[in-house]
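File shown: coords.cif. Contents: mmCIF, C-alpha atoms.
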```cif
data_start
loop_
_atom_site.group_PDB
_atom_site.id
_atom_site.type_symbol
_atom_site.label_atom_id
_atom_site.label_comp_id
_atom_site.auth_asym_id
_atom_site.auth_seq_id
_atom_site.Cartn_x
_atom_site.Cartn_y
_atom_site.Cartn_z
ATOM 1 C CA MET A 1 0.000 0.000 0.000
ATOM 2 C CA THR A 2 1.396 3.413 -1.007
ATOM 3 C CA GLU A 3 1.986 5.751 1.911
ATOM 4 C CA THR A 4 0.202 9.117 1.817
ATOM 5 C CA VAL A 5 2.276 12.177 2.664
ATOM 6 C CA LYS A 6 1.638 15.887 3.071
ATOM 7 C CA LYS A 7 4.078 18.562 1.936
ATOM 8 C CA GLN A 8 3.826 22.345 2.025
ATOM 9 C CA ILE A 9 5.272 24.996 -0.251
ATOM 10 C CA SER A 10 5.093 28.772 -0.107
ATOM 11 C CA LEU A 11 4.556 30.946 -3.178
ATOM 12 C CA ASP A 12 5.110 34.421 -1.769
ATOM 13 C CA ASP A 13 6.083 36.202 -4.982
ATOM 14 C CA VAL A 14 3.449 34.768 -7.341
ATOM 15 C CA ASP A 15 0.014 36.110 -8.254
ATOM 16 C CA LEU A 16 -2.078 33.188 -7.035
ATOM 17 C CA ARG A 17 -5.213 34.464 -8.749
ATOM 18 C CA VAL A 18 -3.533 33.887 -12.112
ATOM 19 C CA LEU A 19 -1.802 30.693 -10.999
ATOM 20 C CA PHE A 20 -4.998 29.077 -9.714
ATOM 21 C CA GLY A 21 -7.178 30.384 -12.550
ATOM 22 C CA ARG A 22 -10.740 31.640 -12.407
ATOM 23 C CA ASN A 23 -12.698 29.754 -9.737
ATOM 24 C CA ASP A 24 -9.534 27.691 -9.079
ATOM 25 C CA VAL A 25 -9.932 25.881 -12.404
ATOM 26 C CA ASN A 26 -6.181 25.248 -12.673
ATOM 27 C CA LEU A 27 -6.112 23.544 -9.278
ATOM 28 C CA ARG A 28 -8.936 21.247 -10.391
ATOM 29 C CA ILE A 29 -7.001 20.393 -13.564
ATOM 30 C CA ILE A 30 -3.883 19.578 -11.533
ATOM 31 C CA GLU A 31 -5.843 17.342 -9.155
ATOM 32 C CA ASP A 32 -7.425 15.601 -12.132
ATOM 33 C CA GLN A 33 -4.049 14.953 -13.769
ATOM 34 C CA PHE A 34 -2.223 13.750 -10.630
ATOM 35 C CA ASP A 35 -3.137 11.364 -7.819
ATOM 36 C CA ALA A 36 -2.900 14.165 -5.253
ATOM 37 C CA LYS A 37 -5.044 16.745 -3.488
ATOM 38 C CA VAL A 38 -4.117 20.437 -3.396
ATOM 39 C CA PHE A 39 -5.193 22.795 -0.615
ATOM 40 C CA ALA A 40 -4.448 26.524 -0.588
ATOM 41 C CA ARG A 41 -4.471 28.838 2.417
ATOM 42 C CA GLY A 42 -3.108 32.285 1.680
ATOM 43 C CA GLN A 43 0.289 31.879 0.029
ATOM 44 C CA GLU A 44 0.740 28.404 1.513
ATOM 45 C CA ILE A 45 -0.089 25.332 -0.580
ATOM 46 C CA THR A 46 -0.435 21.836 0.861
ATOM 47 C CA ILE A 47 -0.179 18.810 -1.423
ATOM 48 C CA GLU A 48 -1.385 15.434 -0.164
ATOM 49 C CA GLY A 49 -0.967 12.072 -1.855
ATOM 50 C CA PRO A 50 1.607 9.371 -2.692
ATOM 51 C CA ASP A 51 5.154 10.664 -2.165
ATOM 52 C CA GLU A 52 6.154 10.507 -5.839
ATOM 53 C CA GLU A 53 2.974 12.243 -7.006
ATOM 54 C CA VAL A 54 3.361 14.983 -4.392
ATOM 55 C CA ASP A 55 6.919 15.651 -5.579
ATOM 56 C CA ARG A 56 5.671 15.887 -9.169
ATOM 57 C CA VAL A 57 3.040 18.446 -8.205
ATOM 58 C CA ILE A 58 5.644 20.463 -6.302
ATOM 59 C CA SER A 59 7.862 20.435 -9.405
ATOM 60 C CA LEU A 60 4.870 21.545 -11.455
ATOM 61 C CA PHE A 61 4.124 24.503 -9.170
ATOM 62 C CA ASP A 62 7.789 25.501 -9.320
ATOM 63 C CA ASP A 63 7.689 25.418 -13.121
ATOM 64 C CA LEU A 64 4.386 27.302 -13.344
ATOM 65 C CA SER A 65 5.694 29.960 -10.976
ATOM 66 C CA THR A 66 8.804 30.442 -13.121
ATOM 67 C CA TYR A 67 6.704 30.720 -16.271
ATOM 68 C CA LEU A 68 4.245 33.120 -14.661
ATOM 69 C CA LYS A 69 6.973 35.472 -13.420
ATOM 70 C CA ARG A 70 8.319 35.808 -16.958
ATOM 71 C CA ASN A 71 5.071 35.952 -18.896
ATOM 72 C CA PHE A 72 2.537 37.449 -16.443
ATOM 73 C CA ASP A 73 -0.062 35.000 -17.701
ATOM 74 C CA LEU A 74 -0.709 31.262 -17.562
ATOM 75 C CA PRO A 75 -2.573 29.886 -20.608
ATOM 76 C CA GLU A 76 -4.334 26.551 -20.231
ATOM 77 C CA ARG A 77 -2.255 25.317 -23.160
ATOM 78 C CA TYR A 78 0.959 25.845 -21.214
ATOM 79 C CA LEU A 79 -0.499 24.242 -18.063
ATOM 80 C CA PHE A 80 -1.248 20.990 -19.918
ATOM 81 C CA TYR A 81 2.138 21.118 -21.673
ATOM 82 C CA ALA A 82 3.970 21.513 -18.345
ATOM 83 C CA ILE A 83 1.948 18.654 -16.818
ATOM 84 C CA MET A 84 2.859 16.415 -19.739
ATOM 85 C CA MET A 85 6.576 17.255 -19.468
ATOM 86 C CA ILE A 86 6.573 16.705 -15.691
ATOM 87 C CA LYS A 87 5.013 13.275 -16.179
ATOM 88 C CA GLU A 88 7.488 12.332 -18.905
ATOM 89 C CA ASN A 89 10.789 13.451 -17.417
ATOM 90 C CA GLY A 90 10.053 15.028 -14.040
ATOM 91 C CA GLN A 91 11.016 18.502 -15.212
ATOM 92 C CA GLY A 92 8.910 21.338 -16.572
ATOM 93 C CA PRO A 93 9.836 23.337 -19.686
ATOM 94 C CA ALA A 94 9.829 26.901 -18.289
ATOM 95 C CA ASN A 95 13.596 27.236 -17.783
ATOM 96 C CA ASP A 96 14.439 25.732 -21.178
ATOM 97 C CA LEU A 97 11.961 28.060 -22.892
ATOM 98 C CA ASP A 98 13.658 31.099 -21.377
ATOM 99 C CA VAL A 99 15.609 31.918 -24.526
ATOM 100 C CA ASP A 100 16.431 34.921 -26.673
ATOM 101 C CA THR A 101 14.546 33.392 -29.591
ATOM 102 C CA VAL A 102 11.971 36.120 -30.116
ATOM 103 C CA ILE A 103 10.521 36.737 -33.562
ATOM 104 C CA SER A 104 9.677 40.368 -34.235
ATOM 105 C CA THR A 105 7.106 40.759 -37.013
ATOM 106 C CA LEU A 106 5.743 43.754 -38.900
ATOM 107 C CA ALA A 107 2.549 44.251 -36.902
ATOM 108 C CA LYS A 108 1.948 42.046 -33.899
ATOM 109 C CA GLU A 109 3.708 41.471 -30.600
ATOM 110 C CA PRO A 110 6.969 39.489 -30.734
ATOM 111 C CA ILE A 111 6.551 35.720 -30.968
ATOM 112 C CA ALA A 112 8.508 33.173 -28.931
ATOM 113 C CA PRO A 113 8.620 29.350 -29.099
ATOM 114 C CA LYS A 114 5.893 27.750 -26.995
ATOM 115 C CA THR A 115 7.381 24.245 -26.792
ATOM 116 C CA LEU A 116 10.855 22.739 -26.701
ATOM 117 C CA GLY A 117 10.334 21.358 -30.205
ATOM 118 C CA GLN A 118 9.473 24.819 -31.491
ATOM 119 C CA LYS A 119 12.611 26.125 -29.791
ATOM 120 C CA ARG A 120 14.727 23.585 -31.720
ATOM 121 C CA TYR A 121 12.898 24.569 -34.906
ATOM 122 C CA THR A 122 13.531 28.327 -34.596
ATOM 123 C CA ALA A 123 17.143 27.732 -33.541
ATOM 124 C CA ALA A 124 17.740 25.522 -36.601
ATOM 125 C CA VAL A 125 16.423 28.204 -38.968
ATOM 126 C CA GLY A 126 18.996 30.586 -37.524
ATOM 127 C CA GLN A 127 21.819 28.111 -38.220
ATOM 128 C CA PHE A 128 20.938 26.348 -41.484
ATOM 129 C CA ASP A 129 19.995 27.628 -44.944
ATOM 130 C CA ILE A 130 17.532 24.792 -45.572
ATOM 131 C CA VAL A 131 15.344 23.455 -42.770
ATOM 132 C CA PHE A 132 12.738 20.714 -43.036
ATOM 133 C CA CYS A 133 10.136 20.782 -40.280
ATOM 134 C CA ILE A 134 8.061 17.601 -40.139
ATOM 135 C CA GLY A 135 5.237 17.143 -37.666
ATOM 136 C CA PRO A 136 1.495 16.762 -37.119
ATOM 137 C CA ALA A 137 -1.189 19.398 -37.409
ATOM 138 C CA GLY A 138 -1.232 22.154 -34.837
ATOM 139 C CA THR A 139 2.485 22.243 -34.030
ATOM 140 C CA GLY A 140 3.053 25.717 -35.494
ATOM 141 C CA LYS A 141 5.126 24.615 -38.483
ATOM 142 C CA THR A 142 3.636 27.049 -40.988
ATOM 143 C CA TYR A 143 2.922 29.868 -38.551
ATOM 144 C CA LEU A 144 6.501 29.997 -37.246
ATOM 145 C CA ALA A 145 7.936 29.655 -40.764
ATOM 146 C CA VAL A 146 5.953 32.687 -41.946
ATOM 147 C CA ALA A 147 6.822 34.599 -38.761
ATOM 148 C CA MET A 148 10.545 33.954 -39.232
ATOM 149 C CA ALA A 149 10.330 34.979 -42.888
ATOM 150 C CA VAL A 150 8.558 38.235 -41.974
ATOM 151 C CA ALA A 151 11.174 38.888 -39.278
ATOM 152 C CA GLU A 152 13.996 38.493 -41.812
ATOM 153 C CA LEU A 153 12.202 40.835 -44.211
ATOM 154 C CA LYS A 154 11.820 43.373 -41.426
ATOM 155 C CA LYS A 155 15.578 43.166 -40.720
ATOM 156 C CA LYS A 156 16.215 43.501 -44.492
ATOM 157 C CA SER A 157 18.207 40.277 -44.456
ATOM 158 C CA VAL A 158 16.180 39.270 -47.517
ATOM 159 C CA GLN A 159 14.395 41.313 -50.171
ATOM 160 C CA ARG A 160 11.306 39.175 -50.589
ATOM 161 C CA ILE A 161 9.286 36.243 -49.287
ATOM 162 C CA VAL A 162 7.991 33.464 -51.532
ATOM 163 C CA LEU A 163 5.335 31.164 -50.071
ATOM 164 C CA ALA A 164 4.502 28.042 -52.080
ATOM 165 C CA ARG A 165 2.058 25.182 -51.632
ATOM 166 C CA PRO A 166 1.212 22.151 -53.798
ATOM 167 C CA ALA A 167 -2.284 22.479 -55.280
ATOM 168 C CA VAL A 168 -3.344 18.949 -54.386
ATOM 169 C CA GLU A 169 -6.961 18.130 -53.647
ATOM 170 C CA ALA A 170 -7.490 16.762 -50.111
ATOM 171 C CA GLY A 171 -10.342 14.428 -50.939
ATOM 172 C CA GLU A 172 -12.432 17.103 -52.649
ATOM 173 C CA SER A 173 -12.394 18.414 -56.220
ATOM 174 C CA LEU A 174 -12.099 22.133 -56.857
ATOM 175 C CA GLY A 175 -11.615 21.799 -60.597
ATOM 176 C CA PHE A 176 -15.098 23.073 -61.436
ATOM 177 C CA LEU A 177 -14.839 26.279 -59.433
ATOM 178 C CA PRO A 178 -15.615 29.373 -61.526
ATOM 179 C CA GLY A 179 -13.042 32.047 -62.255
ATOM 180 C CA ASP A 180 -9.487 32.342 -63.550
ATOM 181 C CA ILE A 181 -6.477 30.309 -62.424
ATOM 182 C CA ARG A 182 -5.970 32.541 -59.364
ATOM 183 C CA ALA A 183 -9.549 31.968 -58.216
ATOM 184 C CA LYS A 184 -9.076 28.221 -58.600
ATOM 185 C CA VAL A 185 -5.794 27.950 -56.657
ATOM 186 C CA ASP A 186 -6.498 30.493 -53.905
ATOM 187 C CA PRO A 187 -8.424 27.952 -51.778
ATOM 188 C CA TYR A 188 -5.262 25.815 -51.632
ATOM 189 C CA LEU A 189 -3.208 28.814 -50.491
ATOM 190 C CA ARG A 190 -5.686 30.111 -47.892
ATOM 191 C CA PRO A 191 -3.817 28.703 -44.833
ATOM 192 C CA VAL A 192 -0.709 30.639 -45.880
ATOM 193 C CA TYR A 193 -2.756 33.829 -46.249
ATOM 194 C CA ASP A 194 -4.248 33.214 -42.792
ATOM 195 C CA ALA A 195 -0.817 32.968 -41.165
ATOM 196 C CA LEU A 196 0.372 36.073 -42.993
ATOM 197 C CA HIS A 197 -2.669 38.122 -41.956
ATOM 198 C CA ASP A 198 -2.000 37.223 -38.334
ATOM 199 C CA LEU A 199 1.518 38.653 -38.575
ATOM 200 C CA VAL A 200 1.263 41.681 -40.855
ATOM 201 C CA GLU A 201 -1.273 44.497 -41.045
ATOM 202 C CA PRO A 202 -3.776 43.882 -43.881
ATOM 203 C CA GLU A 203 -3.005 47.154 -45.681
ATOM 204 C CA LYS A 204 0.697 46.383 -45.593
ATOM 205 C CA ILE A 205 0.144 42.853 -46.928
ATOM 206 C CA LYS A 206 -1.743 44.192 -49.925
ATOM 207 C CA LYS A 207 1.001 46.704 -50.691
ATOM 208 C CA LEU A 208 3.822 44.148 -50.294
ATOM 209 C CA ILE A 209 2.026 41.672 -52.591
ATOM 210 C CA GLU A 210 1.455 44.374 -55.210
ATOM 211 C CA LEU A 211 5.161 45.256 -55.099
ATOM 212 C CA GLY A 212 6.160 41.584 -55.371
ATOM 213 C CA VAL A 213 7.915 41.671 -52.005
ATOM 214 C CA ILE A 214 5.585 38.923 -50.806
ATOM 215 C CA GLU A 215 4.549 36.280 -53.314
ATOM 216 C CA ILE A 216 2.114 33.425 -52.650
ATOM 217 C CA VAL A 217 2.082 30.830 -55.429
ATOM 218 C CA PRO A 218 1.193 27.224 -56.204
ATOM 219 C CA LEU A 219 4.286 25.025 -56.256
ATOM 220 C CA ALA A 220 3.898 24.308 -59.988
ATOM 221 C CA PHE A 221 4.486 28.015 -60.722
ATOM 222 C CA MET A 222 8.035 27.778 -59.308
ATOM 223 C CA ARG A 223 9.519 25.869 -62.236
ATOM 224 C CA GLY A 224 12.274 27.642 -64.166
ATOM 225 C CA ARG A 225 12.835 30.391 -61.609
ATOM 226 C CA THR A 226 15.931 31.441 -59.655
ATOM 227 C CA LEU A 227 15.251 33.073 -56.293
ATOM 228 C CA ASN A 228 17.982 35.387 -55.032
ATOM 229 C CA ASN A 229 17.862 37.289 -51.714
ATOM 230 C CA SER A 230 14.695 35.444 -50.803
ATOM 231 C CA PHE A 231 13.128 33.601 -47.897
ATOM 232 C CA VAL A 232 11.271 30.699 -49.486
ATOM 233 C CA ILE A 233 8.692 28.499 -47.744
ATOM 234 C CA LEU A 234 7.164 25.294 -49.069
ATOM 235 C CA ASP A 235 4.104 24.404 -47.002
ATOM 236 C CA GLU A 236 2.239 21.056 -47.034
ATOM 237 C CA ALA A 237 5.350 19.552 -48.613
ATOM 238 C CA GLN A 238 4.090 15.995 -48.086
ATOM 239 C CA ASN A 239 1.918 16.632 -51.148
ATOM 240 C CA ALA A 240 4.868 17.481 -53.377
ATOM 241 C CA THR A 241 6.204 14.694 -55.572
ATOM 242 C CA THR A 242 9.895 13.784 -55.528
ATOM 243 C CA ALA A 243 10.393 15.649 -58.819
ATOM 244 C CA GLN A 244 8.605 18.733 -57.464
ATOM 245 C CA MET A 245 10.690 18.686 -54.286
ATOM 246 C CA LYS A 246 13.900 18.599 -56.323
ATOM 247 C CA MET A 247 12.566 21.413 -58.500
ATOM 248 C CA PHE A 248 11.720 23.545 -55.471
ATOM 249 C CA LEU A 249 15.047 23.047 -53.678
ATOM 250 C CA THR A 250 17.037 23.878 -56.808
ATOM 251 C CA ARG A 251 15.305 27.284 -57.137
ATOM 252 C CA LEU A 252 17.455 28.743 -54.329
ATOM 253 C CA GLY A 253 19.866 31.417 -55.460
ATOM 254 C CA THR A 254 22.361 33.735 -53.774
ATOM 255 C CA ASN A 255 21.582 34.796 -50.190
ATOM 256 C CA SER A 256 18.419 32.703 -50.053
ATOM 257 C CA ARG A 257 17.128 30.252 -47.487
ATOM 258 C CA ALA A 258 14.237 27.833 -47.348
ATOM 259 C CA ILE A 259 11.869 26.198 -44.887
ATOM 260 C CA ILE A 260 9.965 23.100 -45.936
ATOM 261 C CA THR A 261 7.064 22.046 -43.711
ATOM 262 C CA GLY A 262 4.765 19.052 -43.839
ATOM 263 C CA ASP A 263 2.997 16.186 -42.124
ATOM 264 C CA ILE A 264 3.933 12.805 -43.562
ATOM 265 C CA THR A 265 0.851 11.220 -41.982
ATOM 266 C CA GLN A 266 -1.483 13.300 -44.182
ATOM 267 C CA VAL A 267 -0.368 12.680 -47.762
ATOM 268 C CA ASP A 268 -3.089 13.467 -50.328
ATOM 269 C CA LEU A 269 -1.197 12.263 -53.407
ATOM 270 C CA ASP A 270 -2.464 9.364 -55.508
ATOM 271 C CA LYS A 271 -1.231 6.014 -54.194
ATOM 272 C CA ASN A 272 1.017 5.522 -57.226
ATOM 273 C CA ARG A 273 2.890 8.802 -56.516
ATOM 274 C CA THR A 274 5.577 9.076 -53.825
ATOM 275 C CA SER A 275 5.722 11.967 -51.401
ATOM 276 C CA GLY A 276 8.779 14.128 -52.040
ATOM 277 C CA LEU A 277 8.967 14.948 -48.343
ATOM 278 C CA ARG A 278 9.383 11.300 -47.465
ATOM 279 C CA THR A 279 12.091 10.693 -50.050
ATOM 280 C CA ALA A 280 13.918 13.903 -49.087
ATOM 281 C CA ARG A 281 14.493 12.506 -45.590
ATOM 282 C CA THR A 282 16.612 9.751 -47.119
ATOM 283 C CA ILE A 283 18.209 11.577 -50.030
ATOM 284 C CA LEU A 284 19.296 14.731 -48.158
ATOM 285 C CA LYS A 285 20.006 13.453 -44.656
ATOM 286 C CA ASP A 286 23.810 13.628 -45.019
ATOM 287 C CA ILE A 287 24.073 17.047 -46.684
ATOM 288 C CA LYS A 288 25.667 19.695 -44.481
ATOM 289 C CA GLY A 289 23.605 22.854 -44.341
ATOM 290 C CA VAL A 290 20.331 20.923 -44.493
ATOM 291 C CA LYS A 291 18.575 20.274 -41.168
ATOM 292 C CA PHE A 292 15.584 18.071 -40.365
ATOM 293 C CA ILE A 293 13.468 18.983 -37.335
ATOM 294 C CA TYR A 294 10.761 16.625 -36.118
ATOM 295 C CA LEU A 295 7.830 17.800 -34.016
ATOM 296 C CA ASP A 296 5.259 15.517 -32.385
ATOM 297 C CA GLU A 297 2.022 15.695 -30.430
ATOM 298 C CA THR A 298 3.829 17.236 -27.449
ATOM 299 C CA ASP A 299 4.391 20.351 -29.601
ATOM 300 C CA VAL A 300 0.730 20.877 -30.488
ATOM 301 C CA VAL A 301 -0.262 24.449 -29.615
ATOM 302 C CA ARG A 302 -3.866 24.386 -30.801
ATOM 303 C CA HIS A 303 -6.748 23.209 -28.613
ATOM 304 C CA ARG A 304 -5.504 20.603 -26.136
ATOM 305 C CA LEU A 305 -7.894 18.031 -27.649
ATOM 306 C CA VAL A 306 -5.940 18.207 -30.935
ATOM 307 C CA ARG A 307 -3.058 16.463 -29.150
ATOM 308 C CA GLU A 308 -5.375 13.705 -27.936
ATOM 309 C CA ILE A 309 -6.912 13.332 -31.397
ATOM 310 C CA ILE A 310 -3.462 12.924 -32.981
ATOM 311 C CA LYS A 311 -2.496 10.265 -30.426
ATOM 312 C CA ALA A 312 -5.781 8.402 -30.978
ATOM 313 C CA TYR A 313 -5.270 8.300 -34.753
ATOM 314 C CA GLU A 314 -1.662 7.128 -34.299
ATOM 315 C CA LYS A 315 -2.847 4.250 -32.110
ATOM 316 C CA HIS A 316 -5.514 3.388 -34.690
ATOM 317 C CA GLU A 317 -2.945 3.322 -37.520
ATOM 318 C CA LYS A 318 -0.605 1.096 -35.485
ATOM 319 C CA ARG A 319 -3.401 -1.385 -34.771
ATOM 320 C CA LYS A 320 -4.406 -1.385 -38.436
ATOM 321 C CA ASN A 321 -0.816 -1.971 -39.593
ATOM 322 C CA ARG A 322 -0.462 -4.947 -37.295
#
```
Conversion result in structure tokens:
Amino acid sequence: MTETVKKQISLDDVDLRVLFGRNDVNLRIIEDQFDAKVFARGQEITIEGPDEEVDRVISLFDDLSTYLKRNFDLPERYLFYAIMMIKENGQGPANDLDVDTVISTLAKEPIAPKTLGQKRYTAAVGQFDIVFCIGPAGTGKTYLAVAMAVAELKKKSVQRIVLARPAVEAGESLGFLPGDIRAKVDPYLRPVYDALHDLVEPEKIKKLIELGVIEIVPLAFMRGRTLNNSFVILDEAQNATTAQMKMFLTRLGTNSRAIITGDITQVDLDKNRTSGLRTARTILKDIKGVKFIYLDETDVVRHRLVREIIKAYEKHEKRKNR
């Protein structure tokens, strides 16, 4: 039988109203996630439960306090992320996320990595000219890529941004949509526009697109071009063929860099066509200057249920493959 212990900690320099959440919702989440009870009296917190669980909760409060002192807020997303990291390795992420990696865009507040995987991703982009970021939905692959491109444009490290996406139908046909070629391909490029609009003022986006400083194009339109002084992004790269991936990577010219993002679990290509993102992992793995970053469900920064959905589908695929 596991012995129950009680331990007390004092949080004198932390805003407990933010730490506990409205109506103590954060305390209820912590009790639900750990086999321990939490009691608060003033600045004193008592944790009761099995010794190992109590120590985990103490480590969690220490991590949350560190995060709160630096950010003055405690999003539910971070709370669940810290709980997950404490359970996995006994240590929260707050200290490791205290980095100088801050992305300054043209309109919004500076952006910083929200997970350790995102920290590795942003650090790699600062060190390598070509970075592949592979991971599931919701891990910030596209958003951070666009943010880093905008930051480089702001610093005048590059003269333009080129955002490309394969125009591959994800189970639905858009071929009969009315309008010219732009009207037909815009639905495929909408997620890139969404990320851009969250980082740059709408009036400025329109002006930069008119001037050709920002270009958003289907991948097929990249053939035959040479891109100098550019920050180039290929999004949804799992839907590029091997030939298209080679074509895209060989567009880079002087003083250019590229980010390639994709989710190899969501390939929409015909079964007889191979994903260029998958083959690139093998073909390019030994080239210096090319870096592969892998994110997983622990890096999901959307709704917390997205992480659980991804894990559920992974388990389903493993059972099916057996």
Exercise for the section: Would you write out, as a VMD selection string, every residue that the PyMOL selection byres ((chain A and resi 216) around 8) captures in this file? Expected result: chain A and resid 162 to 164 189 192 214 to 215 217 to 218
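Taking only C-alpha atoms into account, Ala195 in chain A lies nearest to A:Ala145 out of the set A:Val158, A:Ile309, A:Ile29, A:Ala145.
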Exercise for the section: Find the spatial neighbours of Thr4 in chain A, counting only C-alpha atoms, within a cut-off of 9 Å - ignore same-chain residues fewer than 5 positions away - and output them as a ChimeraX atom specification. Expected result: /A:48-51
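Coordinates place CA of Gly138 in chain A at a distance of 5.3 Å from CA of Arg302 in chain A.
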Fill in the blank from the handout: Here CA of Pro136 in chain A and CA of Pro191 in chain A stand apart by 15.2 Å
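Of the listed residues (A:Phe72, A:Tyr193, A:Tyr294, A:Phe231), A:Phe231 comes nearest to Lys156 in chain A; the distances count only C-alpha atoms.
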For the file shown, what are the residues hit by the PyMOL selection byres ((chain A and resi 203-212) around 10), laid out as a PDB file with C-alpha atoms, in the coordinates of the input?
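So the final result, stored in part-v4.pdb, reads:
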```pdb
ATOM      1  CA  LEU A 106       5.743  43.754 -38.900  1.00  0.00           C
ATOM      2  CA  ALA A 107       2.549  44.251 -36.902  1.00  0.00           C
ATOM      3  CA  GLN A 159      14.395  41.313 -50.171  1.00  0.00           C
ATOM      4  CA  ARG A 160      11.306  39.175 -50.589  1.00  0.00           C
ATOM      5  CA  ILE A 161       9.286  36.243 -49.287  1.00  0.00           C
ATOM      6  CA  VAL A 162       7.991  33.464 -51.532  1.00  0.00           C
ATOM      7  CA  TYR A 193      -2.756  33.829 -46.249  1.00  0.00           C
ATOM      8  CA  LEU A 196       0.372  36.073 -42.993  1.00  0.00           C
ATOM      9  CA  HIS A 197      -2.669  38.122 -41.956  1.00  0.00           C
ATOM     10  CA  LEU A 199       1.518  38.653 -38.575  1.00  0.00           C
ATOM     11  CA  VAL A 200       1.263  41.681 -40.855  1.00  0.00           C
ATOM     12  CA  GLU A 201      -1.273  44.497 -41.045  1.00  0.00           C
ATOM     13  CA  PRO A 202      -3.776  43.882 -43.881  1.00  0.00           C
ATOM     14  CA  VAL A 213       7.915  41.671 -52.005  1.00  0.00           C
ATOM     15  CA  ILE A 214       5.585  38.923 -50.806  1.00  0.00           C
ATOM     16  CA  GLU A 215       4.549  36.280 -53.314  1.00  0.00           C
ATOM     17  CA  ILE A 216       2.114  33.425 -52.650  1.00  0.00           C
TER      18      ILE A 216
END
```
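Picture a line from CA of Thr282 in chain A to CA of Ile260 in chain A; it runs 15.0 Å.
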Practice task
Would you mind listing what lies within 9 Å of Asp13 in chain A as a ChimeraX atom specification, with only C-alpha atoms counted and same-chain residues fewer than 3 positions away left out?
Solution key: /A:10,16,43,65,69
Practice task
Check which residues satisfy the PyMOL selection byres ((chain A and resi 296) around 8) in the file shown, then give them as a ChimeraX atom specification.
Solution key: /A:135-136,139,294-295,297-300
Handout entry: Within 9 Å of range 219-227 of chain A using all atoms listed in the file, minus same-chain residues under 6 positions, as an MDAnalysis selection string
Key = chainID A and resid 162:167 234 240 244 247:248 250:256
Tell me, as a CSV table (one decimal) with C-alpha atoms, in the frame of the given file, which residues lie within 8 Å of Ala280 in chain A, counting only C-alpha atoms; anything in the same chain fewer than 5 positions away does not count.
```csv
chain,number,residue,atom,x,y,z
A,242,THR,CA,9.9,13.8,-55.5
A,245,MET,CA,10.7,18.7,-54.3
A,285,LYS,CA,20.0,13.5,-44.7
```
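Distance annotation: of A:Val131, A:Leu305, A:Val290, A:Leu277, the residue with the minimal separation from Ile259 in chain A is A:Val131; atom set is only C-alpha atoms.
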Practice task
Tell me, as a ChimeraX atom specification, which residues lie within 10 Å of range 265-270 of chain A, counting all atoms listed in the file; anything in the same chain fewer than 3 positions away does not count.
Solution key: /A:134-137,168-171,236-241,262,273-275,277-278,313-314,317
Exercise for the section: Give the answer as one residue: which of A:Ala36, A:Val301, A:Ile283, A:Ile130 has the shortest atom-to-atom distance to Lys114 in chain A, using all atoms listed in the file? Expected result: A:Val301
Fill in the blank from the handout: Judged by all atoms listed in the file, the minimum distance to Gln33 in chain A among A:Leu68, A:Gly126, A:Lys87, A:Arg77 is found for A:Lys87
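Shortest separation to Val125 in chain A among A:Asp55, A:Leu144, A:Arg319, A:Pro110 occurs at residue A:Leu144, atoms counted being all atoms listed in the file.
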